$ cat coords.txt   # compact mmCIF, C-alpha atoms and all ligand atoms
# COMPACT_ATOMS: atom_id res chain seq x y z
CA MET A 1 101.20 65.74 101.46
CA SER A 2 97.61 67.00 101.52
CA ALA A 3 94.77 64.98 100.00
CA VAL A 4 93.43 68.20 98.44
CA LEU A 5 94.05 68.43 94.70
CA PRO A 6 97.00 70.82 94.46
CA THR A 7 95.46 73.38 92.06
CA TYR A 8 96.22 76.34 94.34
CA ALA A 9 99.57 77.83 95.31
CA ARG A 10 98.51 78.51 98.88
CA PHE A 11 100.19 80.32 101.72
CA ASP A 12 100.89 78.04 104.66
CA LEU A 13 98.44 79.94 106.81
CA ALA A 14 94.95 79.14 108.09
CA PHE A 15 92.46 81.36 109.84
CA GLU A 16 90.33 80.44 112.76
CA ARG A 17 88.12 83.46 113.13
CA GLY A 18 87.30 86.77 111.53
CA GLU A 19 85.71 90.01 112.58
CA GLY A 20 85.17 92.98 110.27
CA ALA A 21 88.37 93.65 108.33
CA ARG A 22 90.38 91.40 110.64
CA LEU A 23 91.33 87.74 110.37
CA TYR A 24 92.92 85.73 113.20
CA ALA A 25 95.32 82.91 112.41
CA GLU A 26 95.40 79.66 114.35
CA ASP A 27 98.24 81.01 116.51
CA GLY A 28 96.19 84.12 117.33
CA THR A 29 98.06 86.53 115.05
CA ALA A 30 95.77 89.25 113.68
CA TYR A 31 95.89 90.17 110.00
CA LEU A 32 94.26 93.10 108.25
CA ASP A 33 92.25 91.55 105.45
CA PHE A 34 92.47 93.62 102.24
CA THR A 35 91.44 90.63 100.14
CA SER A 36 87.88 90.15 101.45
CA GLY A 37 88.16 86.59 100.12
CA VAL A 38 88.77 88.16 96.69
CA ALA A 39 86.01 90.78 96.74
CA VAL A 40 83.55 88.45 98.46
CA ASN A 41 83.22 89.46 102.12
CA ALA A 42 81.68 92.82 101.25
CA LEU A 43 80.54 93.46 104.82
CA GLY A 44 83.65 92.01 106.43
CA HIS A 45 83.89 88.85 108.48
CA ALA A 46 81.12 87.66 110.77
CA ALA A 47 78.88 90.65 110.01
CA PRO A 48 76.15 90.35 112.67
CA ALA A 49 73.30 91.00 110.21
CA LEU A 50 74.52 88.22 107.90
CA VAL A 51 75.11 85.78 110.74
CA ALA A 52 71.58 86.45 111.99
CA ALA A 53 70.02 86.05 108.52
CA LEU A 54 71.86 82.77 107.91
CA CYS A 55 71.09 81.30 111.34
CA GLU A 56 67.45 82.26 111.18
CA GLN A 57 67.04 80.61 107.79
CA ALA A 58 69.07 77.56 108.90
CA ASP A 59 66.46 76.93 111.58
CA ARG A 60 63.63 76.89 109.02
CA VAL A 61 64.54 75.26 105.72
CA TRP A 62 67.91 74.88 103.96
CA HIS A 63 67.06 73.51 100.59
CA THR A 64 64.02 72.56 98.56
CA SER A 65 65.35 72.60 94.93
CA ASN A 66 63.82 74.67 92.18
CA LEU A 67 60.92 72.25 91.82
CA TYR A 68 59.08 74.66 94.11
CA ARG A 69 58.77 78.40 94.53
CA ILE A 70 61.43 79.96 96.74
CA PRO A 71 60.07 83.19 98.28
CA GLY A 72 63.56 84.49 99.08
CA GLN A 73 64.43 84.24 95.36
CA GLU A 74 61.37 86.16 94.32
CA ARG A 75 62.19 88.86 96.86
CA LEU A 76 65.89 89.16 96.01
CA ALA A 77 65.19 89.09 92.26
CA ALA A 78 62.57 91.83 92.57
CA ARG A 79 64.90 93.96 94.67
CA LEU A 80 67.87 93.51 92.30
CA CYS A 81 65.63 94.48 89.37
CA GLU A 82 64.28 97.47 91.25
CA ALA A 83 67.85 98.64 91.86
CA SER A 84 69.19 97.99 88.35
CA PHE A 85 68.43 97.88 84.61
CA ALA A 86 67.13 94.31 84.90
CA ASP A 87 63.72 92.65 84.67
CA ARG A 88 64.79 89.01 85.22
CA VAL A 89 67.25 87.20 87.48
CA PHE A 90 68.64 83.65 87.38
CA PHE A 91 70.45 82.58 90.55
CA THR A 92 73.67 80.56 90.52
CA ASN A 93 76.24 79.45 93.10
CA SER A 94 79.25 81.20 91.60
CA GLY A 95 80.43 83.89 89.25
CA ALA A 96 81.48 81.50 86.51
CA GLU A 97 78.02 79.95 86.45
CA ALA A 98 76.50 83.42 86.19
CA VAL A 99 78.73 84.23 83.19
CA GLU A 100 77.95 80.80 81.72
CA CYS A 101 74.24 81.64 81.99
CA ALA A 102 74.88 85.00 80.32
CA ILE A 103 76.66 83.31 77.40
CA LYS A 104 73.87 80.77 76.97
CA MET A 105 71.23 83.49 77.19
CA ALA A 106 72.89 85.61 74.49
CA ARG A 107 73.06 82.62 72.13
CA ARG A 108 69.53 81.59 72.90
CA PHE A 109 68.25 85.15 72.35
CA HIS A 110 69.38 85.17 68.74
CA TRP A 111 68.21 81.58 68.25
CA GLY A 112 64.81 82.77 69.43
CA HIS A 113 64.94 85.52 66.82
CA GLY A 114 65.62 83.07 64.01
CA ALA A 115 69.36 83.79 63.88
CA PRO A 116 71.00 80.70 65.46
CA GLU A 117 74.19 81.51 63.53
CA ARG A 118 74.70 84.44 65.90
CA TYR A 119 76.48 82.65 68.72
CA ARG A 120 79.82 84.46 68.95
CA LEU A 121 80.84 87.04 71.55
CA VAL A 122 83.45 89.77 71.25
CA THR A 123 85.67 89.57 74.34
CA PHE A 124 88.77 91.42 75.57
CA GLU A 125 92.41 90.65 76.22
CA GLY A 126 93.23 90.42 79.92
CA ALA A 127 89.69 89.31 80.74
CA PHE A 128 88.77 86.84 83.45
CA HIS A 129 85.33 85.26 83.40
CA GLY A 130 85.78 82.08 85.46
CA ARG A 131 87.13 78.54 85.18
CA THR A 132 84.48 76.51 83.35
CA LEU A 133 85.25 75.39 79.81
CA ALA A 134 83.20 78.21 78.26
CA THR A 135 84.43 80.90 80.62
CA ILE A 136 88.13 80.04 80.14
CA ALA A 137 87.51 80.28 76.40
CA ALA A 138 85.81 83.65 76.93
CA GLY A 139 88.74 84.84 79.05
CA GLY A 140 91.14 83.59 76.42
CA GLN A 141 94.17 83.39 78.72
CA ALA A 142 96.63 80.81 77.40
CA LYS A 143 97.69 79.67 80.86
CA LEU A 144 94.10 78.83 81.85
CA LEU A 145 93.37 77.03 78.56
CA GLU A 146 96.55 74.96 78.44
CA GLY A 147 96.01 71.22 78.39
CA PHE A 148 92.23 71.34 78.40
CA GLY A 149 91.62 70.45 74.77
CA PRO A 150 90.09 72.60 72.07
CA PRO A 151 88.70 75.82 73.60
CA VAL A 152 84.93 76.23 73.42
CA ASP A 153 84.25 77.97 70.13
CA GLY A 154 82.55 81.34 69.89
CA PHE A 155 84.81 84.04 71.30
CA ASP A 156 86.63 86.74 69.34
CA GLN A 157 89.14 88.56 71.46
CA VAL A 158 90.34 92.12 70.87
CA PRO A 159 92.48 94.52 72.94
CA PHE A 160 90.78 95.98 76.03
CA GLY A 161 89.81 99.60 75.45
CA ASP A 162 90.08 99.35 71.65
CA LEU A 163 86.70 100.36 70.28
CA ALA A 164 87.79 100.20 66.64
CA ALA A 165 88.98 96.62 67.11
CA ALA A 166 85.69 95.70 68.78
CA ARG A 167 83.79 97.19 65.85
CA ALA A 168 85.95 95.29 63.36
CA ALA A 169 85.36 92.01 65.22
CA ILE A 170 81.56 92.23 64.88
CA GLY A 171 80.25 90.10 62.03
CA PRO A 172 77.16 88.19 60.90
CA GLN A 173 77.78 85.54 63.61
CA THR A 174 78.15 87.97 66.51
CA ALA A 175 75.62 87.63 69.34
CA GLY A 176 77.06 90.22 71.69
CA ILE A 177 79.95 91.83 73.50
CA LEU A 178 81.18 90.58 76.89
CA VAL A 179 83.25 92.93 79.05
CA GLU A 180 84.28 93.69 82.64
CA PRO A 181 83.90 97.39 83.58
CA VAL A 182 87.12 96.95 85.56
CA GLN A 183 89.37 93.98 84.81
CA GLY A 184 90.11 92.79 88.34
CA GLU A 185 92.16 89.63 87.80
CA GLY A 186 93.66 91.27 84.72
CA GLY A 187 95.36 93.89 86.89
CA VAL A 188 92.73 96.42 88.01
CA ARG A 189 92.40 97.83 84.50
CA VAL A 190 89.57 100.35 84.51
CA ALA A 191 87.51 100.67 81.32
CA SER A 192 86.86 104.32 80.49
CA ALA A 193 83.27 105.56 80.48
CA ASP A 194 83.78 106.45 76.80
CA PHE A 195 84.80 102.88 76.00
CA LEU A 196 81.74 101.43 77.76
CA ARG A 197 79.46 103.96 76.05
CA GLY A 198 81.09 103.09 72.72
CA LEU A 199 80.39 99.39 73.28
CA ARG A 200 76.76 100.17 74.14
CA ALA A 201 76.45 102.16 70.90
CA LEU A 202 78.06 99.34 68.90
CA ALA A 203 75.67 96.80 70.37
CA ASP A 204 72.69 99.01 69.53
CA GLU A 205 73.93 99.69 66.02
CA HIS A 206 74.30 95.95 65.26
CA ALA A 207 71.28 94.78 67.26
CA ILE A 208 73.50 92.58 69.45
CA LEU A 209 73.67 92.27 73.23
CA LEU A 210 75.94 94.08 75.66
CA ILE A 211 76.88 91.68 78.46
CA LEU A 212 78.71 92.94 81.52
CA ASP A 213 80.69 90.73 83.85
CA GLU A 214 80.25 92.55 87.15
CA VAL A 215 81.12 89.53 89.27
CA GLN A 216 83.93 91.53 90.88
CA THR A 217 82.79 95.12 90.28
CA GLY A 218 79.15 94.70 91.31
CA MET A 219 77.43 95.06 94.68
CA GLY A 220 79.02 98.36 95.56
CA ARG A 221 82.69 97.47 95.06
CA THR A 222 83.38 100.48 92.79
CA GLY A 223 81.24 102.87 94.84
CA ARG A 224 78.06 102.38 92.79
CA LEU A 225 75.76 99.42 93.22
CA PHE A 226 76.94 98.40 89.73
CA ALA A 227 79.91 99.87 87.90
CA TYR A 228 77.98 100.49 84.68
CA GLU A 229 76.01 103.27 86.39
CA ALA A 230 79.05 105.55 86.38
CA ALA A 231 79.22 105.34 82.56
CA GLY A 232 75.55 106.26 82.21
CA ILE A 233 74.75 103.11 80.26
CA ALA A 234 72.91 99.87 80.93
CA PRO A 235 73.72 96.36 79.71
CA ASP A 236 71.25 93.82 78.31
CA ILE A 237 72.68 91.01 80.44
CA MET A 238 74.91 91.12 83.52
CA ALA A 239 76.64 88.47 85.59
CA ILE A 240 77.22 89.11 89.29
CA GLY A 241 78.69 87.03 92.10
CA LYS A 242 81.28 87.44 94.83
CA GLY A 243 80.00 90.35 97.00
CA ILE A 244 76.32 89.51 96.59
CA GLY A 245 76.69 86.53 98.93
CA GLY A 246 79.02 88.25 101.40
CA GLY A 247 80.84 84.91 101.77
CA PHE A 248 77.96 82.55 101.06
CA PRO A 249 78.28 80.97 97.57
CA LEU A 250 75.93 82.99 95.38
CA GLY A 251 75.86 84.47 91.90
CA ALA A 252 73.22 85.72 89.51
CA CYS A 253 72.59 86.50 85.88
CA LEU A 254 70.44 89.59 85.39
CA SER A 255 68.78 90.56 82.13
CA THR A 256 66.18 92.72 80.50
CA ALA A 257 62.87 91.00 79.75
CA GLN A 258 63.74 91.01 76.06
CA ALA A 259 67.25 89.55 76.38
CA GLY A 260 65.90 86.79 78.62
CA GLU A 261 62.77 85.99 76.67
CA ALA A 262 64.08 82.81 75.02
CA MET A 263 65.04 81.25 78.39
CA THR A 264 61.88 79.18 78.67
CA PRO A 265 61.13 76.40 81.20
CA GLY A 266 63.70 73.62 80.91
CA SER A 267 66.25 75.75 79.02
CA HIS A 268 68.55 76.20 82.03
CA GLY A 269 68.76 75.19 85.67
CA SER A 270 70.75 74.55 88.80
CA THR A 271 70.14 72.26 91.76
CA TYR A 272 71.38 74.70 94.39
CA GLY A 273 71.00 77.99 92.52
CA GLY A 274 69.04 80.43 94.68
CA ASN A 275 68.58 78.08 97.61
CA PRO A 276 66.91 79.48 100.75
CA LEU A 277 70.17 79.88 102.71
CA ALA A 278 71.82 81.83 99.88
CA MET A 279 68.73 83.97 99.43
CA ALA A 280 68.53 84.86 103.12
CA VAL A 281 72.13 86.06 103.05
CA GLY A 282 71.82 87.79 99.67
CA ASN A 283 68.81 89.77 100.86
CA ALA A 284 70.70 90.77 104.01
CA VAL A 285 73.74 91.91 101.99
CA LEU A 286 71.47 93.98 99.78
CA ASP A 287 69.83 95.56 102.86
CA ALA A 288 73.24 96.81 103.96
CA VAL A 289 74.50 97.98 100.58
CA LEU A 290 71.27 99.83 99.76
CA ALA A 291 71.09 101.51 103.18
CA PRO A 292 71.28 105.31 102.91
CA GLY A 293 74.85 106.58 102.79
CA PHE A 294 76.51 103.16 102.33
CA LEU A 295 77.66 103.60 98.72
CA GLU A 296 78.62 107.21 99.35
CA ARG A 297 80.88 105.97 102.13
CA VAL A 298 82.43 103.38 99.79
CA ARG A 299 83.26 106.20 97.35
CA GLU A 300 84.78 108.29 100.16
CA ARG A 301 86.87 105.40 101.50
CA GLY A 302 87.92 104.51 97.95
CA ALA A 303 89.12 108.07 97.32
CA CYS A 304 90.92 108.04 100.67
CA LEU A 305 92.66 104.74 99.83
CA MET A 306 93.68 105.89 96.35
CA GLN A 307 95.11 109.17 97.69
CA ALA A 308 97.05 107.36 100.38
CA LEU A 309 98.44 104.95 97.77
CA GLU A 310 99.47 107.88 95.56
CA ARG A 311 101.41 109.32 98.50
CA LEU A 312 103.16 105.99 99.06
CA ALA A 313 103.91 105.72 95.34
CA ALA A 314 105.56 109.15 95.51
CA ALA A 315 107.62 108.05 98.53
CA PHE A 316 108.61 104.65 97.06
CA PRO A 317 108.56 105.15 93.26
CA ASP A 318 110.61 102.00 92.54
CA LEU A 319 108.29 99.80 94.58
CA LEU A 320 104.84 101.25 93.86
CA ARG A 321 104.89 102.05 90.17
CA GLU A 322 101.35 103.03 89.29
CA VAL A 323 98.16 103.33 91.34
CA ARG A 324 94.98 102.01 89.74
CA GLY A 325 91.38 101.52 90.67
CA LYS A 326 87.85 102.58 91.26
CA GLY A 327 86.09 102.71 94.61
CA LEU A 328 87.43 99.93 96.80
CA LEU A 329 88.73 97.88 93.88
CA CYS A 330 92.22 99.25 93.69
CA GLY A 331 95.85 98.42 93.60
CA PHE A 332 99.28 99.32 92.38
CA ARG A 333 101.79 97.97 89.92
CA SER A 334 104.60 96.50 91.96
CA GLY A 335 108.25 97.20 91.22
CA PRO A 336 109.43 93.80 92.52
CA ASP A 337 107.71 90.62 91.38
CA VAL A 338 104.13 90.75 92.65
CA ALA A 339 104.50 87.48 94.59
CA ARG A 340 107.43 88.97 96.48
CA MET A 341 105.47 92.13 97.26
CA VAL A 342 102.39 90.21 98.44
CA ARG A 343 104.67 88.08 100.67
CA ALA A 344 106.35 91.20 102.10
CA LEU A 345 102.90 92.66 102.87
CA LEU A 346 101.82 89.41 104.52
CA ASP A 347 104.94 89.62 106.70
CA GLN A 348 103.54 92.99 107.85
CA ARG A 349 100.16 91.32 108.59
CA LEU A 350 98.38 92.82 105.58
CA LEU A 351 96.57 90.43 103.23
CA THR A 352 96.40 91.43 99.54
CA VAL A 353 95.71 89.69 96.22
CA PRO A 354 98.08 89.42 93.25
CA ALA A 355 96.64 90.26 89.82
CA GLY A 356 97.83 90.47 86.21
CA GLU A 357 100.38 93.04 85.00
CA ASN A 358 102.31 92.57 88.26
CA VAL A 359 99.58 94.39 90.20
CA VAL A 360 98.88 94.05 93.92
CA ARG A 361 95.12 94.25 94.41
CA LEU A 362 93.60 95.85 97.51
CA LEU A 363 90.05 94.71 98.19
CA PRO A 364 89.11 95.72 101.73
CA PRO A 365 85.60 95.04 102.95
CA LEU A 366 83.22 97.81 101.85
CA THR A 367 82.83 98.59 105.55
CA VAL A 368 86.55 99.36 106.02
CA THR A 369 87.28 102.35 108.29
CA GLU A 370 89.69 105.21 107.65
CA ALA A 371 91.76 103.99 110.59
CA GLU A 372 92.08 100.56 108.96
CA ILE A 373 93.11 102.19 105.67
CA GLY A 374 95.74 104.10 107.62
CA GLU A 375 96.98 100.86 109.19
CA ALA A 376 97.19 99.21 105.78
CA MET A 377 99.24 102.14 104.45
CA ASP A 378 101.63 101.83 107.39
CA ALA A 379 102.02 98.13 106.60
CA ILE A 380 102.75 98.92 102.93
CA ALA A 381 105.32 101.53 103.96
CA ARG A 382 107.01 99.01 106.27
CA ALA A 383 107.01 96.34 103.55
CA ALA A 384 108.42 98.83 101.03
CA THR A 385 111.16 99.84 103.46
CA ALA A 386 112.03 96.18 104.08
CA LEU A 387 112.15 95.41 100.35
CA LYS A 388 114.28 98.47 99.72
CA ARG A 389 116.73 97.39 102.41
CA GLU A 390 116.83 93.85 100.95
CA SER A 391 117.65 95.08 97.45
CA ALA A 392 120.30 97.47 98.85
CA THR A 393 122.21 94.64 100.51
C1 LIG B 1 85.87 85.87 90.20
C2 LIG B 1 85.34 86.23 88.87
C3 LIG B 1 84.61 85.30 88.09
C4 LIG B 1 84.42 83.87 88.52
O1 LIG B 1 83.71 83.76 89.70
P1 LIG B 1 83.73 82.34 90.50
O2 LIG B 1 82.79 82.58 91.63
O3 LIG B 1 85.14 82.10 90.91
O4 LIG B 1 83.25 81.31 89.55
C5 LIG B 1 84.10 85.74 86.89
N1 LIG B 1 84.29 86.98 86.45
C6 LIG B 1 84.97 87.90 87.17
C7 LIG B 1 85.11 89.28 86.64
C8 LIG B 1 85.53 87.55 88.39
O5 LIG B 1 86.23 88.46 89.09
$ encode --input "coords.txt" --output "structure tokens"
Amino acid sequence: MSAVLPTYARFDLAFERGEGARLYAEDGTAYLDFTSGVAVNALGHAAPALVAALCEQADRVWHTSNLYRIPGQERLAARLCEASFADRVFFTNSGAEAVECAIKMARRFHWGHGAPERYRLVTFEGAFHGRTLATIAAGGQAKLLEGFGPPVDGFDQVPFGDLAAARAAIGPQTAGILVEPVQGEGGVRVASADFLRGLRALADEHAILLILDEVQTGMGRTGRLFAYEAAGIAPDIMAIGKGIGGGFPLGACLSTAQAGEAMTPGSHGSTYGGNPLAMAVGNAVLDAVLAPGFLERVRERGACLMQALERLAAAFPDLLREVRGKGLLCGFRSGPDVARMVRALLDQRLLTVPAGENVVRLLPPLTVTEAEIGEAMDAIARAATALKRESAT
């Protein structure tokens, strides 16, 4: 029995070393990693530029707290703003903390405008925003809320993609709308550009805030630096995480100057948020993602992966039911129970992530090669053949 609190249903497998899209188990077996630590290792494992940035910073100073200026923060914040809609950035250590900051900021914004009664957010079924008390309430999933007392008040959930329902849910207490451009955990459910534009228009019409949770979709995952770009809109507030740290714990809440104006000294904080180690790595990740041609390549590889999956779905229609995704955030609805499919893929040395709606999520590093995509497709075909044989006997 392990001394670790048993909150995870883990595979009995541990990795010793990683390189690019490859992970090596303790017994030396190589796996193709199409989880990227759940959309985290954007540049793959042991990316030399990230290792160098981390080691160089480790030799200088690890941590000072936010009592003092942190030059790496100022640099990363300025660069994120330059590359996005934002004017202000608050650094966190995780995605949930970034969403938590976004929720607080939206409430505080209206408080600052003399409307403290506007504290509620419209949210969407199937959402995932993290595991803190506020973010499980925002996500609204019964299985994550169970046993944890009364959910934090202030979230009104409507069906994902239903603009009319979102409109109907807006009232005199509404502070904003919180949405993921692609629901990752929810089953790779892609919001249409029309839906996102509709939410932007609703927010403008009611003078409330549009908050995007791009913790999973941001930092190039969908083939744009941020997924909202493809819809031709911009949010007022955005939470990011996962890929921005490339494996180092890092998140951020980005906002316009106006949306963030009520976040005055003392209103929010974090001991570790934006510490020098995290900033060194975050800046190095951004260097890579903003390099000419990088995002274009993500879009190409994403299209290649989706096409290959469509071909497999045509060959194994009972096993791969529906291909979904955007960029390198993709997946398919599994015929068999998703846990069984993920296990069958693992047996073929391909690591994948289960998601809602019985979907297998494929999240290769953004640096994945076409050859590696080909290998992954071969593994899926082998797993599908094995599952087919099992169900035939
Ligand atoms: C993973 C995720 C979170 C939570 O991030 P943590 O780093 O686990 O706290 C929030 N929102 C979305 C969309 C996510 O995918």
$ closest_atom_pairs --input "coords.txt" --of "chain A" --to "ligand LIG 1 (chain B)" --cutoff "7 Å" --atoms "all atoms listed in the file" --output "CSV"
residue,atom,partner,partner_atom,distance
A:Ser94,CA,B:LIG1,O2,3.8
A:Gly95,CA,B:LIG1,O1,3.3
A:Ala96,CA,B:LIG1,O4,3.5
A:Glu97,CA,B:LIG1,O4,6.2
A:Val99,CA,B:LIG1,C5,6.7
A:Phe128,CA,B:LIG1,N1,5.4
A:His129,CA,B:LIG1,N1,3.7
A:Gly130,CA,B:LIG1,C4,3.8
A:Arg131,CA,B:LIG1,O4,6.5
A:Glu180,CA,B:LIG1,C7,6.0
A:Gln183,CA,B:LIG1,C7,6.6
A:Gly184,CA,B:LIG1,O5,5.9
A:Glu185,CA,B:LIG1,O5,6.2
A:Asp213,CA,B:LIG1,C7,5.4
A:Glu214,CA,B:LIG1,C7,5.9
A:Val215,CA,B:LIG1,C6,4.7
A:Gln216,CA,B:LIG1,O5,4.2
A:Gly241,CA,B:LIG1,O2,6.1
A:Lys242,CA,B:LIG1,O2,6.0
$ write_last_selection --input "coords.txt" --atoms "C-alpha atoms" --output "PDB file, keeping the file's coordinate frame"
ATOM      1  CA  SER A  94      79.250  81.200  91.600  1.00  0.00           C
ATOM      2  CA  GLY A  95      80.430  83.890  89.250  1.00  0.00           C
ATOM      3  CA  ALA A  96      81.480  81.500  86.510  1.00  0.00           C
ATOM      4  CA  GLU A  97      78.020  79.950  86.450  1.00  0.00           C
ATOM      5  CA  VAL A  99      78.730  84.230  83.190  1.00  0.00           C
ATOM      6  CA  PHE A 128      88.770  86.840  83.450  1.00  0.00           C
ATOM      7  CA  HIS A 129      85.330  85.260  83.400  1.00  0.00           C
ATOM      8  CA  GLY A 130      85.780  82.080  85.460  1.00  0.00           C
ATOM      9  CA  ARG A 131      87.130  78.540  85.180  1.00  0.00           C
ATOM     10  CA  GLU A 180      84.280  93.690  82.640  1.00  0.00           C
ATOM     11  CA  GLN A 183      89.370  93.980  84.810  1.00  0.00           C
ATOM     12  CA  GLY A 184      90.110  92.790  88.340  1.00  0.00           C
ATOM     13  CA  GLU A 185      92.160  89.630  87.800  1.00  0.00           C
ATOM     14  CA  ASP A 213      80.690  90.730  83.850  1.00  0.00           C
ATOM     15  CA  GLU A 214      80.250  92.550  87.150  1.00  0.00           C
ATOM     16  CA  VAL A 215      81.120  89.530  89.270  1.00  0.00           C
ATOM     17  CA  GLN A 216      83.930  91.530  90.880  1.00  0.00           C
ATOM     18  CA  GLY A 241      78.690  87.030  92.100  1.00  0.00           C
ATOM     19  CA  LYS A 242      81.280  87.440  94.830  1.00  0.00           C
TER      20      LYS A 242
END
$ closest_residue --input "coords.txt" --among "A:Lys104, A:Arg299, A:Arg88, A:Arg79" --to "His268 (chain A)" --atoms "only C-alpha atoms"
A:Lys104
$ residues_around --input "coords.txt" --residues "Ala381 (chain A)" --least-positions-apart "3" --cutoff "9 Å" --atoms "only C-alpha atoms" --output "list in words"
Leu312, Ala315, Phe316, Ala376, Met377, Asp378, Ala384, Thr385 and Ala386 of chain A
$ closest_residue --input "coords.txt" --among "A:Trp111, A:Phe11, A:Tyr31, A:Tyr24" --to "Ala259 (chain A)" --atoms "only C-alpha atoms"
A:Trp111
$ atom_distance --input "coords.txt" --atom1 "CA of Val285 (chain A)" --atom2 "CA of Ala252 (chain A)"
13.9 Å
$ closest_residue --input "coords.txt" --among "A:Gly232, A:Ala169, A:Ala47, A:Val89" --to "Cys101 (chain A)" --atoms "only C-alpha atoms"
A:Val89
$ closest_residue --input "coords.txt" --among "A:Pro116, A:Gly218, A:Pro159, A:Gly243" --to "Phe195 (chain A)" --atoms "only C-alpha atoms"
A:Pro159
$ residues_around --input "coords.txt" --residues "Ala83 (chain A)" --least-positions-apart "2" --cutoff "10 Å" --atoms "only C-alpha atoms" --output "list in words"
Ala77, Ala78, Arg79, Leu80, Cys81, Phe85, Ala86, Leu225, Phe226, Leu286 and Leu290 of chain A
$ closest_atom_pairs --input "coords.txt" --of "region 166-278 of chain A" --to "region 328-345 of chain A" --cutoff "8 Å" --atoms "all atoms listed in the file" --output "tab-separated table"
residue	atom	partner	partner_atom	distance
A:Gly184	CA	A:Leu329	CA	7.6
A:Val188	CA	A:Cys330	CA	6.4
A:Thr217	CA	A:Leu329	CA	7.5
A:Arg221	CA	A:Leu328	CA	5.6
A:Thr222	CA	A:Leu328	CA	5.7
A:Gly223	CA	A:Leu328	CA	7.1
$ write_last_selection --input "coords.txt" --atoms "C-alpha atoms" --output "short mmCIF file (atom, residue, chain, number, x, y, z; two decimals), keeping the file's coordinate frame"
data_model
loop_
_atom_site.label_atom_id
_atom_site.label_comp_id
_atom_site.auth_asym_id
_atom_site.auth_seq_id
_atom_site.Cartn_x
_atom_site.Cartn_y
_atom_site.Cartn_z
CA GLY A 184 90.11 92.79 88.34
CA VAL A 188 92.73 96.42 88.01
CA THR A 217 82.79 95.12 90.28
CA ARG A 221 82.69 97.47 95.06
CA THR A 222 83.38 100.48 92.79
CA GLY A 223 81.24 102.87 94.84
#
$ closest_residue --input "coords.txt" --among "A:Leu144, A:Leu250, A:Ala134, A:Ala166" --to "Gly274 (chain A)" --atoms "only C-alpha atoms"
A:Leu250
$ residues_near_point --input "coords.txt" --point "(84.4, 100.4, 78.3)" --cutoff "10 Å" --atoms "all atoms listed in the file" --output "ChimeraX atom specification"
/A:160-163,179-182,190-200,212,228,231
$ write_last_selection --input "coords.txt" --atoms "C-alpha atoms" --output "PDB file, keeping the file's coordinate frame"
ATOM      1  CA  PHE A 160      90.780  95.980  76.030  1.00  0.00           C
ATOM      2  CA  GLY A 161      89.810  99.600  75.450  1.00  0.00           C
ATOM      3  CA  ASP A 162      90.080  99.350  71.650  1.00  0.00           C
ATOM      4  CA  LEU A 163      86.700 100.360  70.280  1.00  0.00           C
ATOM      5  CA  VAL A 179      83.250  92.930  79.050  1.00  0.00           C
ATOM      6  CA  GLU A 180      84.280  93.690  82.640  1.00  0.00           C
ATOM      7  CA  PRO A 181      83.900  97.390  83.580  1.00  0.00           C
ATOM      8  CA  VAL A 182      87.120  96.950  85.560  1.00  0.00           C
ATOM      9  CA  VAL A 190      89.570 100.350  84.510  1.00  0.00           C
ATOM     10  CA  ALA A 191      87.510 100.670  81.320  1.00  0.00           C
ATOM     11  CA  SER A 192      86.860 104.320  80.490  1.00  0.00           C
ATOM     12  CA  ALA A 193      83.270 105.560  80.480  1.00  0.00           C
ATOM     13  CA  ASP A 194      83.780 106.450  76.800  1.00  0.00           C
ATOM     14  CA  PHE A 195      84.800 102.880  76.000  1.00  0.00           C
ATOM     15  CA  LEU A 196      81.740 101.430  77.760  1.00  0.00           C
ATOM     16  CA  ARG A 197      79.460 103.960  76.050  1.00  0.00           C
ATOM     17  CA  GLY A 198      81.090 103.090  72.720  1.00  0.00           C
ATOM     18  CA  LEU A 199      80.390  99.390  73.280  1.00  0.00           C
ATOM     19  CA  ARG A 200      76.760 100.170  74.140  1.00  0.00           C
ATOM     20  CA  LEU A 212      78.710  92.940  81.520  1.00  0.00           C
ATOM     21  CA  TYR A 228      77.980 100.490  84.680  1.00  0.00           C
ATOM     22  CA  ALA A 231      79.220 105.340  82.560  1.00  0.00           C
TER      23      ALA A 231
END
$ closest_residue --input "coords.txt" --among "A:Asp318, A:Arg389, A:Thr271, A:Gly37" --to "Thr64 (chain A)" --atoms "all atoms listed in the file"
A:Thr271
$ atom_distance --input "coords.txt" --atom1 "CA of Arg17 (chain A)" --atom2 "CA of Gly246 (chain A)"
15.6 Å
$ atom_distance --input "coords.txt" --atom1 "CA of Phe248 (chain A)" --atom2 "CA of Pro364 (chain A)"
17.3 Å
$ residues_around --input "coords.txt" --residues "Ser267 (chain A)" --least-positions-apart "6" --cutoff "12 Å" --atoms "all atoms listed in the file" --output "PDB file with C-alpha atoms, keeping the file's coordinate frame"
ATOM      1  CA  PHE A  90      68.640  83.650  87.380  1.00  0.00           C
ATOM      2  CA  CYS A 101      74.240  81.640  81.990  1.00  0.00           C
ATOM      3  CA  LYS A 104      73.870  80.770  76.970  1.00  0.00           C
ATOM      4  CA  MET A 105      71.230  83.490  77.190  1.00  0.00           C
ATOM      5  CA  ARG A 107      73.060  82.620  72.130  1.00  0.00           C
ATOM      6  CA  ARG A 108      69.530  81.590  72.900  1.00  0.00           C
ATOM      7  CA  PHE A 109      68.250  85.150  72.350  1.00  0.00           C
ATOM      8  CA  GLY A 112      64.810  82.770  69.430  1.00  0.00           C
ATOM      9  CA  GLY A 260      65.900  86.790  78.620  1.00  0.00           C
ATOM     10  CA  GLU A 261      62.770  85.990  76.670  1.00  0.00           C
TER      11      GLU A 261
END
